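Right, one structure below, let's go through it.
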There are 8 protein chains.
Amino acid sequence: MELKDVLAQVADGTLSVDDALNELKKDSYEDLSFAKIDHSREARIGFPEVIFGERKTPDQVAQIAVAIYQRSGLVLGTRADAEHYDAVKAVLPDAVFYENAKIITVGEPKEQIGNVAICTAGTTDIPVAEEAALTAWMCGAEVHRYYDVGVAGIHRLLDQVEDIRKANAIVTVAGMEGALASVIGGLVNAPIVACPTSVGYGANFGGLSALLAMLNSCAAGTAVVNIDNGFGAGFMAAKINRQTVKGRES
Amino acid sequence: MELKDVLAQVADGTLSVDDALNELKKDSYEDLSFAKIDHSREARIGFPEVIFGERKTPDQVAQIAVAIYQRSGLVLGTRADAEHYDAVKAVLPDAVFYENAKIITVGEPKEQIGNVAICTAGTTDIPVAEEAALTAWMCGAEVHRYYDVGVAGIHRLLDQVEDIRKANAIVTVAGMEGALASVIGGLVNAPIVACPTSVGYGANFGGLSALLAMLNSCAAGTAVVNIDNGFGAGFMAAKINRQTVKGRES
Amino acid sequence: MELKDVLAQVADGTLSVDDALNELKKDSYEDLSFAKIDHSREARIGFPEVIFGERKTPDQVAQIAVAIYQRSGLVLGTRADAEHYDAVKAVLPDAVFYENAKIITVGEPKEQIGNVAICTAGTTDIPVAEEAALTAWMCGAEVHRYYDVGVAGIHRLLDQVEDIRKANAIVTVAGMEGALASVIGGLVNAPIVACPTSVGYGANFGGLSALLAMLNSCAAGTAVVNIDNGFGAGFMAAKINRQTVKGRES
Amino acid sequence: MELKDVLAQVADGTLSVDDALNELKKDSYEDLSFAKIDHSREARIGFPEVIFGERKTPDQVAQIAVAIYQRSGLVLGTRADAEHYDAVKAVLPDAVFYENAKIITVGEPKEQIGNVAICTAGTTDIPVAEEAALTAWMCGAEVHRYYDVGVAGIHRLLDQVEDIRKANAIVTVAGMEGALASVIGGLVNAPIVACPTSVGYGANFGGLSALLAMLNSCAAGTAVVNIDNGFGAGFMAAKINRQTVKGRES
Amino acid sequence: MELKDVLAQVADGTLSVDDALNELKKDSYEDLSFAKIDHSREARIGFPEVIFGERKTPDQVAQIAVAIYQRSGLVLGTRADAEHYDAVKAVLPDAVFYENAKIITVGEPKEQIGNVAICTAGTTDIPVAEEAALTAWMCGAEVHRYYDVGVAGIHRLLDQVEDIRKANAIVTVAGMEGALASVIGGLVNAPIVACPTSVGYGANFGGLSALLAMLNSCAAGTAVVNIDNGFGAGFMAAKINRQTVKGRES
Amino acid sequence: MELKDVLAQVADGTLSVDDALNELKKDSYEDLSFAKIDHSREARIGFPEVIFGERKTPDQVAQIAVAIYQRSGLVLGTRADAEHYDAVKAVLPDAVFYENAKIITVGEPKEQIGNVAICTAGTTDIPVAEEAALTAWMCGAEVHRYYDVGVAGIHRLLDQVEDIRKANAIVTVAGMEGALASVIGGLVNAPIVACPTSVGYGANFGGLSALLAMLNSCAAGTAVVNIDNGFGAGFMAAKINRQTVKGRES
Amino acid sequence: MELKDVLAQVADGTLSVDDALNELKKDSYEDLSFAKIDHSREARIGFPEVIFGERKTPDQVAQIAVAIYQRSGLVLGTRADAEHYDAVKAVLPDAVFYENAKIITVGEPKEQIGNVAICTAGTTDIPVAEEAALTAWMCGAEVHRYYDVGVAGIHRLLDQVEDIRKANAIVTVAGMEGALASVIGGLVNAPIVACPTSVGYGANFGGLSALLAMLNSCAAGTAVVNIDNGFGAGFMAAKINRQTVKGRES
Amino acid sequence: MELKDVLAQVADGTLSVDDALNELKKDSYEDLSFAKIDHSREARIGFPEVIFGERKTPDQVAQIAVAIYQRSGLVLGTRADAEHYDAVKAVLPDAVFYENAKIITVGEPKEQIGNVAICTAGTTDIPVAEEAALTAWMCGAEVHRYYDVGVAGIHRLLDQVEDIRKANAIVTVAGMEGALASVIGGLVNAPIVACPTSVGYGANFGGLSALLAMLNSCAAGTAVVNIDNGFGAGFMAAKINRQTVKGRES
């Protein structure tokens, strides 16, 4: 409801002052003192608030998980460790822990639509790729994995290009020189979300080499997320995938 | 046509060896000695090769423009200056020069579909934003501009959020601290392509401050292109927009 | 007026829908297409919008200056050059140009209160210091200058410490190793705004050496603005100075 | 007493040579061999020397604490761990340990005046924010906390702006892209001390992303302290707060 | 077999469709789900795929080792630890572990030809040098070691120059200021592969000082591999050595 | 002649003291006051001293050119401009200027042997590639150019791989993300010298992105020279090429 | 005279209050408004204040030169250009301009004692070396130049080591990889002041490569000044040289 | 003996070929396979080789210590830990371990001459300062310590300036903003060796802030060693001190 309409309805008595107040403040949140759960985020950006576990205590993660679960029935926690999981499981017994990806989930998405491709350059990029894959899956995307298709043996990639081309959005996960993003970007049509990883020898400087390479990709139609940010890559890809299947609802 | 089918048709005589050879090499290109024009790029990634003008001579740009124009009837040149333009106009009289955006175009896209929003934090970000806007427009997107809506006066942005929410993809162009991407990312649902610019005082280090800020955005659903890379941002947004309107063709 | 009161007045007919709408949107701005002048900024943060001249055309600066002048009678333009000045002077004949500080002003502040000290380490830091001094003066502060009091001859500084101690806020402007901020910080009581400059030999890296030194200052009660950002330093100091003299109005 | 007066009194016999010597050396300190306790700092900059615990042995911290306590009755130790605390408690039984903030205090400030607001973008920024809050409190400020009001859900911040506006000084603590400082800076009038934290994914580079963002903030009236330096932020804010309430004593 | 020939043989029935398919796909690989073993790499680049152990689980390393061993009879694993070794030894009992160099080998090269010199500046560079030496040896080179011949005592180097000059390729391993590469490069004729190490005091920044020094070497005929990348240096040197002895086979 | 032999011949009178002195000092040089021409460099490292023109005066370059020419009949000057050329041509009329590559040559190599491939990712990399190509040619290599074969249209590269495989050494010149080195490195057997260029948008940071990418290349058998250092790449490749054709002379 | 003695003499009437005041303030300076000339610097640190010309106006440089000349009869101006020189010459006709070194001198030192060696790696390092040489000469040192003795032809250096060993202090000036400092440091006994220069190809990053190399030098007895800071190197070397010849005066 | 003389003596039979060989190779060293002990270093640079313990095994350190001890009777090991010490003590029972400074010594210097001052900014800089102090002492200097005299309480420093001025060389050890070097440099005459430490909050980046500050010091007569490199600072200061007391022996 637009502001003008709210005021008009208040003026003609259709809406009480309190209801108008609620209507205007419906971007509500829940205050846990150490965190303010943003319950309107789902309406606003299409998915409930996600719990970033790093530096949070197990108890904080568990309390936030419960608050989110009660509203949306679906919880995604990233950068979680076994202690976080134990705390969440104690209050939400359906919680599942993906150790490799450091992800906790509670509940499952209602549908798996479209096609999101997750590609990695090497075996060591898989944990970040799994963070992306599970995030996209929790956001309702059908996910296809293409792991260890890096450019040092480019026939492995060329062999799968036809399949990858079917995706609505592609996540490329690579460390070292990050060339995978450019090579795939030159071969396929779908938007690419490039995710650099911190894998590599000395002068990769914690992923900087792959990050810079991906930002400087000569292949247009590519955008980049932060180093090791599988969550961000999976989330972006899932958004593009959903729009492609369902269009945009106004 | 898949490789197996080509071979089968050769085996049963449906296809001659030469035709098979052509079929298998149809990812063709045109060799200008100093450049190899990639004529199959349109089929492969959805838009003809774009001419990056920087460090190319006017004559090189003009020759490439003609080669592309003859195949696709549509030319987009970025990072172009007046000398590039004169050289192109001499051979392609319909060429248009957008000086602010440093863009040369020849021809117009057949349709303007969907909705791509281009937002800038300040007035000085406009040249990069125009590179993005013209690129998206040349790629067939309907483009809406929201300029100077930076967070130092956030009511200017909040006032336009309803309109911005209608976009299928949003480009946020900002220098300095690059906060615009995060704030919009917290308010809207569509995928965001964040483009940092090199605008700012001393320690922005040529756009590094905005780049890092955008990569570290707390708002999910955002990916980043290179500093001042309006072209990359507009191209990515146009891709997402087209998929949203038309879905994906297999 | 709080939201609840607006709604109550609409409900009881004291306020018309249109007046309520105006009341709720009073954080207004003026749209010049390339810029959205933030006219409520003065009410909100205590001083009208300032024009950052760099990369703006003379015509843009002049149009923005007029729009601000018509509302507030006071214009401050930074990073301005002679061309900007000519364009502003053509429409606002009272404009004054401080070439060294690259500042354009129109009008004068109503009062000069309190005491803001501007200190520089060397002669070459003066242009940045003048940007700070003129900004603080335009924001209504009485300004005292202490130039070339760097630590290579520390008696020059010690000789003036008694005077500097009288300031309500101190701006320290220094390049090279930026030690001035720490030394003054160890000697005086007032809050210090440290402004690094890009003055120096090779490995000052455009002011990075002074910036890092000031951020790492062992003297508490110091905060830092961006390299060469005299405006930011002067503005912050002026704010602290005004509060110290007048207290805070609720 | 000014130098000239001291000399005059020595000349006319009012002051003995030894008393004059003491007078001229009254910026005294206490030498513990590994540390020189600066007992005149309180007079000079308004608060006793603070103990920075990192890399100091528990015994060193305890000895310094006693030396300070005997002069001022008030001890603030930062970056302290449990071992530091045990050593201090053994000699100063009233010592209190705030584990989250890594702070040891002995004694309490005589008054709590004015209003210092401490805001964080997220839950993980709280330890740094608590260092700032406890420092400001030990320096005699009344402290108000606004935690987890980051821009990814900006309504949480807008909802509290009216309260935050009442502060005499505001500390904004944020990691990742550090946008909180700019957004608050565009909404409120009080001086802002921005404190970047090292919270975030890969390319935040230990807080560099937030630091650069805050230095490049488009919102004037903001200055920045070092990464994770809650102490510096709280101290600066407390100084501004005290001046605002009490003015400056000459 | 060239593509045209394959097609011709299919056309005249000499080759079945399936055989043609195999021929065209002979750049084969083996899919272990978490890794795609590139069995054609030996044919393509002259040595089987090497296992980079870092961040791989012992089980992954062991499975990859077996897959490679079955094809080539020769396994080289780098960045391996004792757990990796135990896992490999369990399935390939002939495995040998060089703890200092963090290398696992299975099998021995058929020949030791030519002359590859491995030089280090100091004793602490030896682990990286051994990675280079063992890699070159596994690639069939005769290896000569010249350790601790850094420029702080240049007579130690000058004393051995005559021997070093006999090498077909030289690996120079140095941390700190990396001057060894330049000094040797000024004295000998053979191509030099410079390998910076992360040995040193504070501002070597993890090997950056040696890396930059080597990239900026005033001695032509030098190229550089990544920091601590002994494997890359040994491999490159072995390639040059083999070509020098055997020439190139078309 | 070895030191021992010289001494023996002195002892038995075969060699006079003066001749022995000359023999032992035969690593001679010519002193031009501002430069010491290293005439023994050809014997020592296989090619006469090369003149690096940048920051040298035209007169200095000309004097050095003459000194080298008189000894070796072959001059290679890099980073030269038109003024350098005019000065050299005045004294050495056979001088040739390659403006694009900024190279001056006098004389021609006696032979063109082997096969050095020079590949570029794009058209804008050509000036650096030409520096490499002319250097290799002056060092006696037969040079083959493969320009604009970057990975954004990988079929252009795949189409030429068979030819590139014939080279004894390959120089890959690329800016932006520098992926070309890795892709070629995965396809061919010969040693690769990767040369990053400073071509690209904002965050390529003067070639740093390509440099880091190449240092982190996942393809073994690659070593890297400095940014835009075509000379170094061509020289290294020529050395490898000569050894491959001629083997090493002891 | 110590403080106690001054007071005692005031007490017993030996010293008047005014004379005591002068005695205590003898660290005097002269205020030119834009600069405070530090006339006691010569007594304090052994040489009058030096004029750093960069970013100073010709008029400022001339005024400062006169003020210094009147006190000490000896003026050293660095980073000066022709305009600075014209302004100084107009008021001090004996001024001399060394264009290559960008140095202005007025007057000559009374003596040339000891032995300071200035070594450069290449010809392009000479301007920085001349800044060092002229500075040392103005500070009274006998200066010996050893130019173009870089490690690419190490016999040129070895040939002169005996002479260099006679110096009391050695300045090594080098760009690129800066190896000269380490090699000389390993050969001679005297303290070495290493001065990196910004000479070099791409990844020297404005002298950073040489700076880091010199800071990481494996040769003890070396300390480093800023990039291109010939003045600082010459000044430090002159100090060491004077002490060595004259010892220290208490 | 000069080369010419050796040859003359061989010619006239005064010297046998073997003796001549020995004479010419007298820059001898001892080869421990993993290290080449440089026994002529004492003659060449004035002190025996020092053992840098980091990354060396205890056994390596012990073997090198014995080799050095047998020649010079004096051993200095830096960056040593308790395990290194145990290994050395087992073979050289007189070994002493300074745990704070991480230094092992065997034997004592014959004399303590001159005056080297070691100053630190804070208590946490003491371990690096002790490395410098013990190194200078082992090199025969009389050492005076001035600890915790940082600029946050500058009277502590001013109080000791008279004493510090007596030194022949001064080492300033400081982290954070490193201002101590500049302030002392402006107050005293002796050469200063500045040693940055890695002490500090977030944006000191491992000592980078202090390093850059010291390199950019406005006080001439200062040179810098690497971060935390107390050894290098102490060694350089000891050299200057010895020359000042004894002059230079030719």
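Chains: A, B, ... in order of the structure tokens. Residues: from 1 per chain. Ligands: from 1, in order shown.
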Report task. Skip stretch 8-20 of chain C itself and residues of its chain fewer than 3 positions away, then list as JSON, numbers by chain all residues within 8 Å of it, counting only C-alpha atoms. Result -> {"A": [4, 7, 8, 10, 11, 12, 13, 16, 17], "C": [4, 5, 23, 24]}
Query raised in the report: DSSP says helix (DSSP H, G or I) for which residues of stretch 15-239 of chain F? Put them as a ChimeraX atom specification?
Result: /F:17-24,41-45,58-72,82-91,123-138,151-158,161-164,179-187,202-215,230-239
**Report entry** Separation of atom CA of F:Ile170 from atom CA of F:Val50, in Å and rounded to one decimal
**Finding:**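 Separating atom CA of F:Ile170 from atom CA of F:Val50 is a distance of 21.6 Å.
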Report task. Would you return as an MDAnalysis selection string the members of stretch 81-231 of chain B that DSSP assigns to strand (DSSP E) on this structure's backbone? Result -> chainID B and resid 96:98 103:106 113:120 141:146 169:174 192:196 222:224
Report task. Using only C-alpha atoms, find which residues of chain F lie within 7 Å of chain E and jot them down as a PyMOL selection string. Result -> chain F and resi 44-46+166+168+187-189+191+215-216+220-226+232+235-236+239-240+243-245+247-248+250
Please produce a file of those selected residues containing N, CA and C atoms, as a PDB file, in the first residue's frame.
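Output saved as again-v5.pdb:
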```
ATOM      1  N   ARG F  44      80.191 -14.154 -22.152  1.00  0.00           N
ATOM      2  CA  ARG F  44      79.689 -14.711 -20.900  1.00  0.00           C
ATOM      3  C   ARG F  44      78.250 -15.180 -20.993  1.00  0.00           C
ATOM      4  N   ILE F  45      77.373 -14.342 -21.563  1.00  0.00           N
ATOM      5  CA  ILE F  45      75.971 -14.765 -21.560  1.00  0.00           C
ATOM      6  C   ILE F  45      75.380 -14.883 -22.956  1.00  0.00           C
ATOM      7  N   GLY F  46      76.214 -14.767 -23.980  1.00  0.00           N
ATOM      8  CA  GLY F  46      75.766 -15.157 -25.302  1.00  0.00           C
ATOM      9  C   GLY F  46      75.217 -14.067 -26.190  1.00  0.00           C
ATOM     10  N   LYS F 166      54.844 -26.513 -32.681  1.00  0.00           N
ATOM     11  CA  LYS F 166      56.134 -26.731 -33.339  1.00  0.00           C
ATOM     12  C   LYS F 166      57.247 -25.868 -32.766  1.00  0.00           C
ATOM     13  N   ASN F 168      60.020 -24.168 -30.288  1.00  0.00           N
ATOM     14  CA  ASN F 168      60.925 -24.632 -29.231  1.00  0.00           C
ATOM     15  C   ASN F 168      60.721 -23.852 -27.936  1.00  0.00           C
ATOM     16  N   LEU F 187      48.082 -26.930 -23.238  1.00  0.00           N
ATOM     17  CA  LEU F 187      47.907 -27.533 -24.566  1.00  0.00           C
ATOM     18  C   LEU F 187      49.212 -27.932 -25.238  1.00  0.00           C
ATOM     19  N   VAL F 188      50.329 -27.303 -24.830  1.00  0.00           N
ATOM     20  CA  VAL F 188      51.570 -27.565 -25.548  1.00  0.00           C
ATOM     21  C   VAL F 188      52.680 -28.020 -24.621  1.00  0.00           C
ATOM     22  N   ASN F 189      53.739 -28.503 -25.227  1.00  0.00           N
ATOM     23  CA  ASN F 189      54.828 -29.166 -24.529  1.00  0.00           C
ATOM     24  C   ASN F 189      56.017 -28.239 -24.289  1.00  0.00           C
ATOM     25  N   PRO F 191      58.585 -25.112 -23.359  1.00  0.00           N
ATOM     26  CA  PRO F 191      58.627 -24.159 -22.249  1.00  0.00           C
ATOM     27  C   PRO F 191      57.977 -22.843 -22.650  1.00  0.00           C
ATOM     28  N   LEU F 215      51.899 -15.836 -12.562  1.00  0.00           N
ATOM     29  CA  LEU F 215      52.689 -16.467 -11.503  1.00  0.00           C
ATOM     30  C   LEU F 215      51.923 -17.621 -10.862  1.00  0.00           C
ATOM     31  N   ASN F 216      50.615 -17.506 -10.845  1.00  0.00           N
ATOM     32  CA  ASN F 216      49.780 -18.531 -10.231  1.00  0.00           C
ATOM     33  C   ASN F 216      49.238 -19.528 -11.237  1.00  0.00           C
ATOM     34  N   ALA F 220      52.069 -26.174 -15.422  1.00  0.00           N
ATOM     35  CA  ALA F 220      53.509 -26.252 -15.171  1.00  0.00           C
ATOM     36  C   ALA F 220      54.277 -26.047 -16.472  1.00  0.00           C
ATOM     37  N   GLY F 221      55.536 -25.666 -16.349  1.00  0.00           N
ATOM     38  CA  GLY F 221      56.347 -25.418 -17.537  1.00  0.00           C
ATOM     39  C   GLY F 221      56.240 -23.987 -18.005  1.00  0.00           C
ATOM     40  N   THR F 222      55.848 -23.115 -17.097  1.00  0.00           N
ATOM     41  CA  THR F 222      55.686 -21.695 -17.406  1.00  0.00           C
ATOM     42  C   THR F 222      56.516 -20.879 -16.415  1.00  0.00           C
ATOM     43  N   ALA F 223      57.243 -19.885 -16.911  1.00  0.00           N
ATOM     44  CA  ALA F 223      57.900 -18.928 -16.027  1.00  0.00           C
ATOM     45  C   ALA F 223      57.589 -17.533 -16.558  1.00  0.00           C
ATOM     46  N   VAL F 224      57.781 -16.540 -15.707  1.00  0.00           N
ATOM     47  CA  VAL F 224      57.205 -15.233 -15.977  1.00  0.00           C
ATOM     48  C   VAL F 224      58.300 -14.170 -15.999  1.00  0.00           C
ATOM     49  N   VAL F 225      58.142 -13.163 -16.868  1.00  0.00           N
ATOM     50  CA  VAL F 225      59.016 -12.001 -16.819  1.00  0.00           C
ATOM     51  C   VAL F 225      58.203 -10.800 -16.349  1.00  0.00           C
ATOM     52  N   ASN F 226      58.870  -9.686 -16.183  1.00  0.00           N
ATOM     53  CA  ASN F 226      58.233  -8.491 -15.632  1.00  0.00           C
ATOM     54  C   ASN F 226      57.143  -7.931 -16.569  1.00  0.00           C
ATOM     55  N   GLY F 232      62.812  -9.040 -22.165  1.00  0.00           N
ATOM     56  CA  GLY F 232      63.204 -10.169 -21.327  1.00  0.00           C
ATOM     57  C   GLY F 232      62.595 -11.481 -21.807  1.00  0.00           C
ATOM     58  N   PHE F 235      64.309 -12.581 -25.099  1.00  0.00           N
ATOM     59  CA  PHE F 235      65.682 -13.007 -24.856  1.00  0.00           C
ATOM     60  C   PHE F 235      65.718 -14.420 -24.265  1.00  0.00           C
ATOM     61  N   MET F 236      64.868 -14.639 -23.245  1.00  0.00           N
ATOM     62  CA  MET F 236      64.797 -15.964 -22.612  1.00  0.00           C
ATOM     63  C   MET F 236      64.375 -17.023 -23.635  1.00  0.00           C
ATOM     64  N   LYS F 239      67.186 -17.889 -26.016  1.00  0.00           N
ATOM     65  CA  LYS F 239      68.183 -18.759 -25.389  1.00  0.00           C
ATOM     66  C   LYS F 239      67.744 -20.215 -25.422  1.00  0.00           C
ATOM     67  N   ILE F 240      66.507 -20.452 -25.015  1.00  0.00           N
ATOM     68  CA  ILE F 240      65.989 -21.825 -24.992  1.00  0.00           C
ATOM     69  C   ILE F 240      65.975 -22.388 -26.405  1.00  0.00           C
ATOM     70  N   GLN F 243      69.553 -23.321 -27.575  1.00  0.00           N
ATOM     71  CA  GLN F 243      70.011 -24.569 -26.951  1.00  0.00           C
ATOM     72  C   GLN F 243      69.338 -25.781 -27.567  1.00  0.00           C
ATOM     73  N   THR F 244      68.041 -25.630 -27.855  1.00  0.00           N
ATOM     74  CA  THR F 244      67.298 -26.767 -28.385  1.00  0.00           C
ATOM     75  C   THR F 244      67.817 -27.163 -29.755  1.00  0.00           C
ATOM     76  N   VAL F 245      68.196 -26.166 -30.575  1.00  0.00           N
ATOM     77  CA  VAL F 245      68.702 -26.468 -31.913  1.00  0.00           C
ATOM     78  C   VAL F 245      70.152 -26.933 -31.862  1.00  0.00           C
ATOM     79  N   GLY F 247      72.085 -27.545 -28.931  1.00  0.00           N
ATOM     80  CA  GLY F 247      72.632 -28.124 -27.702  1.00  0.00           C
ATOM     81  C   GLY F 247      73.503 -27.089 -27.012  1.00  0.00           C
ATOM     82  N   ARG F 248      74.183 -27.505 -25.941  1.00  0.00           N
ATOM     83  CA  ARG F 248      75.069 -26.569 -25.221  1.00  0.00           C
ATOM     84  C   ARG F 248      76.509 -26.851 -25.586  1.00  0.00           C
ATOM     85  N   SER F 250      80.153 -26.751 -24.315  1.00  0.00           N
ATOM     86  CA  SER F 250      80.811 -26.632 -22.996  1.00  0.00           C
ATOM     87  C   SER F 250      81.805 -25.487 -23.033  1.00  0.00           C
TER      88      SER F 250
END
```
Query raised in the report: Can you tell me, as a PyMOL selection string, what residues are no more than 10 Å from F:Tyr147 when counting only C-alpha atoms, ignoring any on the same chain fewer than 2 positions away?
Result: (chain B and resi 31-36) or (chain F and resi 118-126+129+144-145+149-150+156-157+172-173)
With N, CA and C atoms kept, could you save the residues just selected as an mmCIF file, in the first residue's frame?
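File out.cif, as written:
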```cif
data_model
loop_
_atom_site.group_PDB
_atom_site.id
_atom_site.type_symbol
_atom_site.label_atom_id
_atom_site.label_comp_id
_atom_site.auth_asym_id
_atom_site.auth_seq_id
_atom_site.Cartn_x
_atom_site.Cartn_y
_atom_site.Cartn_z
ATOM 1 N N ASP B 31 40.529 -12.859 -40.054
ATOM 2 C CA ASP B 31 41.861 -12.450 -39.622
ATOM 3 C C ASP B 31 42.271 -11.138 -40.283
ATOM 4 N N LEU B 32 42.411 -10.063 -39.476
ATOM 5 C CA LEU B 32 42.872 -8.765 -39.988
ATOM 6 C C LEU B 32 44.362 -8.580 -39.675
ATOM 7 N N SER B 33 45.065 -9.632 -39.423
ATOM 8 C CA SER B 33 46.497 -9.648 -39.036
ATOM 9 C C SER B 33 46.710 -9.087 -37.631
ATOM 10 N N PHE B 34 46.252 -7.869 -37.365
ATOM 11 C CA PHE B 34 46.421 -7.315 -36.015
ATOM 12 C C PHE B 34 45.246 -7.703 -35.121
ATOM 13 N N ALA B 35 44.211 -8.311 -35.704
ATOM 14 C CA ALA B 35 43.047 -8.717 -34.916
ATOM 15 C C ALA B 35 42.360 -9.870 -35.622
ATOM 16 N N LYS B 36 41.772 -10.743 -34.804
ATOM 17 C CA LYS B 36 41.010 -11.861 -35.350
ATOM 18 C C LYS B 36 39.564 -11.669 -34.926
ATOM 19 N N ILE F 118 55.427 -16.279 -30.776
ATOM 20 C CA ILE F 118 55.007 -15.140 -29.954
ATOM 21 C C ILE F 118 53.492 -15.031 -30.078
ATOM 22 N N CYS F 119 52.759 -15.218 -28.971
ATOM 23 C CA CYS F 119 51.293 -15.186 -28.989
ATOM 24 C C CYS F 119 50.797 -13.996 -28.171
ATOM 25 N N THR F 120 49.749 -13.312 -28.657
ATOM 26 C CA THR F 120 49.131 -12.270 -27.831
ATOM 27 C C THR F 120 47.663 -12.580 -27.639
ATOM 28 N N ALA F 121 47.159 -12.109 -26.496
ATOM 29 C CA ALA F 121 45.733 -12.268 -26.233
ATOM 30 C C ALA F 121 44.912 -11.303 -27.077
ATOM 31 N N GLY F 122 45.392 -10.060 -27.231
ATOM 32 C CA GLY F 122 44.598 -9.084 -27.963
ATOM 33 C C GLY F 122 45.457 -8.203 -28.845
ATOM 34 N N THR F 123 44.790 -7.294 -29.534
ATOM 35 C CA THR F 123 45.471 -6.368 -30.432
ATOM 36 C C THR F 123 46.320 -5.372 -29.640
ATOM 37 N N THR F 124 45.839 -4.974 -28.493
ATOM 38 C CA THR F 124 46.563 -3.955 -27.727
ATOM 39 C C THR F 124 47.832 -4.499 -27.073
ATOM 40 N N ASP F 125 48.018 -5.808 -27.074
ATOM 41 C CA ASP F 125 49.250 -6.387 -26.529
ATOM 42 C C ASP F 125 50.372 -6.408 -27.561
ATOM 43 N N ILE F 126 50.091 -6.000 -28.783
ATOM 44 C CA ILE F 126 51.063 -6.174 -29.868
ATOM 45 C C ILE F 126 52.372 -5.403 -29.645
ATOM 46 N N ALA F 129 54.556 -7.468 -27.600
ATOM 47 C CA ALA F 129 54.891 -8.689 -28.337
ATOM 48 C C ALA F 129 55.961 -8.407 -29.392
ATOM 49 N N HIS F 144 57.732 -16.743 -35.124
ATOM 50 C CA HIS F 144 56.385 -16.866 -35.679
ATOM 51 C C HIS F 144 55.398 -16.136 -34.771
ATOM 52 N N ARG F 145 54.530 -15.318 -35.386
ATOM 53 C CA ARG F 145 53.611 -14.502 -34.602
ATOM 54 C C ARG F 145 52.186 -15.056 -34.641
ATOM 55 N N VAL F 149 44.776 -14.083 -30.107
ATOM 56 C CA VAL F 149 44.219 -15.425 -29.936
ATOM 57 C C VAL F 149 43.759 -15.650 -28.488
ATOM 58 N N GLY F 150 43.259 -14.573 -27.870
ATOM 59 C CA GLY F 150 42.860 -14.631 -26.460
ATOM 60 C C GLY F 150 41.691 -15.562 -26.193
ATOM 61 N N ARG F 156 39.764 -19.433 -31.831
ATOM 62 C CA ARG F 156 40.852 -18.792 -32.576
ATOM 63 C C ARG F 156 42.204 -19.365 -32.166
ATOM 64 N N LEU F 157 42.310 -19.697 -30.885
ATOM 65 C CA LEU F 157 43.549 -20.302 -30.401
ATOM 66 C C LEU F 157 43.631 -21.778 -30.790
ATOM 67 N N THR F 172 54.030 -15.906 -24.323
ATOM 68 C CA THR F 172 52.607 -15.532 -24.289
ATOM 69 C C THR F 172 52.499 -14.142 -23.678
ATOM 70 N N VAL F 173 51.948 -13.224 -24.455
ATOM 71 C CA VAL F 173 51.830 -11.835 -24.041
ATOM 72 C C VAL F 173 50.355 -11.521 -23.820
#
```
